[in-house]
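Worksheet: one structure, shown below.
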Amino acid sequence: MTKAKPRPTAPIGALLMVYLGLMHLAAPVAQWHLKRRLARGREDPARWQEKLGHAGLSRPKGPLIWLHAVGVGEVLALRGLITEMAHQRPDLQFLVTSSTLSSAVALARNPAHPNVMHQFLPLDTTPFVTRFLNHWRPDLAIWAEQDLWPGLVVATHRRAIPLALINARMNTRAFRARARFGAIFRDLFARFALLAAQDRITARHIAQLSPGARVQVTGSLKPACPALACDQATLDDLTHALAGRDLWCAAPTHSMDEAVVLTAHALYRKTVPNSLLILVPRAPERGGAIANACQAAGLPAIQRSAGGVPHAETAVWVADSFGELGLWYRLCQTVLIGGSFGPTGGHSPWEALRLGAAVLHGPNTDNFTQDYAALQAADGCVKVADAKGLAAALQRPDLAQIAQRGAQVQTHAAQNITQLSIDLLALMPGAQ
């Protein structure tokens with residue numbers, strides 16, 4: 001990979017100047033906003049002050065790499081990269097920041113390495129940012145995907161801390177939204193020593209926002225991630241309790257996916273009456289509404305949150321719990337990846353492939369265009385257009401072979417992580 005050095009004096013245009021000016025005034029409002037969220041149960045009572053820049057942990061001795069990703073999927077995607085960098089440099093410590101409660105829980109349940117700590121990202125106001133950087137003093141800052149905060153980026157760059165943007169993903173809709181503030185993104189991208197995109201479309205969009213930027217296409221981080229964790233005792237119990245049932249999974253789903261999935265499951269049960277669908281909604285709080293929709297469709301359903309195990313008459317198990325995808329993907333040998341029957345743009349196939357499942361998906365996979373194209377070229381997944389096509393795909397006799405081919409694609413794609421790790425570590429002070 002070609003390393004792109006940031007300009008010695010990166011530009012601060014009018015829009016970025018206005019933003020940075022507002023940062024100085026925003027702290028009281030930001031603190032009030034956090035307290036409102038805390039009162040509504042949307043912040044961790046024990047850790048919410050991390051978002052004010054107050055560290056909840058001591059900085060460990062030695063070189064520290066700070067990695068930021070906003071939510072669950074983005075945070076979990078960092079695990080393979082962290083593992084590889086730790087392999088190359090065992091002396092490293094890692095700080096992962098994120099913004100959501102669920103991401104903190106997910107990382108705790110799926111640890112990447114013993115030397116990894118998690119904190120919530122401070123809000124992008126001057127006193128909080130200063131407090132955060134004064135405490136942690138990272139030797140390298142890595143931002144993942146597309147969650148950039150101008151104040152943090154500028155303050156980090158001013159301290160001569162190398163910056164890298166990795167796993168960047170920006171579809172046409174996201175590009176158009178950012179183009180309205182193109183001057184800010186031009187100034188921000190100029191501060192990054194390394195820019196790495198998941199696909200060529202993203203690389204082109206970044207180059208359009210920041211003319212002259214050199215962007216490498218390195219693919220997704222997710223193929224290199226370790227398998228999602230699960231509780232082995234729970235897996236053993238459910239494997240025994242559901243023995244003899246034909247199991248398949250749809251995850252993580254949105255409302256438009258569920259309309260297709262429930263219709264397909266009703267069709268499938270005409271041929272395979274003992275089949276059980278494990279439906280994992282993207283938002284677990286929708287579990288009750290989904291269970292009602294199942295009943296209305298003539299599909300007896302129970303909710304994971306209510307406890308118990310499906311009985312013989314149960315057609316759908318609504319897995320409205322959090323952090324159990326590793327369990328469901330191990331139980332089911334066929335998985336319909338959600339987000340692909342509506343405007344969401346699809347979710348990642350790699351977690352299911354890593355656990356040996358055959359991957360099915362709908363027509364819209366814009367968020368992972370390159371990933372699904374590689375799988376389709378190798379006949380390592382199945383694209384379905386509608387409920388009838390999904391019901392037919394569930395009955396394909398070659399699903400095990402499709403899963404094997406998908407796993408081979410994943411193994412090949414994971415190899416990119418080694419070179420990316422080398423290039424990132426080369427940015428650190430004192431690197432040869």
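Simple scheme: letters A, B, ... for chains in structure tokens order, numbers from 1 for residues in each chain, numbers from 1 for ligands in the order shown.
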
DSSP-assigned strand (DSSP E) members of range 58-239 of chain A, reported as an MDAnalysis selection string: chainID A and resid 64:68 93:98 116:120 140:144 163:168 194:197 216:217

Using only C-alpha atoms, tabulate the residues of range 304-354 of chain A lying at most 12 Å from any atom of range 173-186 of chain A, each with its closest atom pair and that distance in Å to one decimal, by chain and increasing residue number, as CSV.
```
residue,atom,partner,partner_atom,distance
A:Pro343,CA,A:Arg173,CA,10.6
A:Thr344,CA,A:Arg173,CA,11.1
A:Gly345,CA,A:Arg173,CA,10.7
```

Emit the selected residues as a compact mmCIF listing (two decimals), in the first residue's frame, including N, CA, C and O atoms.
```
# COMPACT_ATOMS: atom_id res chain seq x y z
N PRO A 343 -34.42 -0.46 1.64
CA PRO A 343 -33.41 0.57 1.37
C PRO A 343 -32.17 0.49 2.24
O PRO A 343 -31.23 1.26 2.04
N THR A 344 -32.14 -0.40 3.22
CA THR A 344 -31.01 -0.46 4.15
C THR A 344 -29.69 -0.73 3.45
O THR A 344 -28.65 -0.19 3.82
N GLY A 345 -29.70 -1.58 2.45
CA GLY A 345 -28.48 -1.87 1.71
C GLY A 345 -27.76 -3.12 2.15
O GLY A 345 -26.64 -3.40 1.73
```

Which neighbours of His361 in chain A fall inside 12 Å, counting only C-alpha atoms, when residues of the same chain fewer than 4 positions from it are skipped, and could you give them as number ranges by chain? A: 249-253, 257, 260-261, 334-342, 345-349, 352, 365-366, 368, 372, 375-376, 380-387, 389-390, 393-394

According to DSSP computed on the backbone, where in range 208-392 of chain A is there helix (DSSP H, G or I)? Give the residues as a VMD selection string. chain A and resid 208 to 209 222 to 224 232 to 241 255 to 271 284 to 296 304 to 306 325 to 331 350 to 354 366 to 377 387 to 392

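Taking CA of Pro397 in chain A as the reference point, CA of Leu247 in chain A is found at 15.0 Å.
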
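With only C-alpha atoms as the atoms that count, the minimum distance from Ser421 in chain A to the choices A:Pro122, A:Gly288, A:Gly71, A:Gly80 is reached by A:Gly80.
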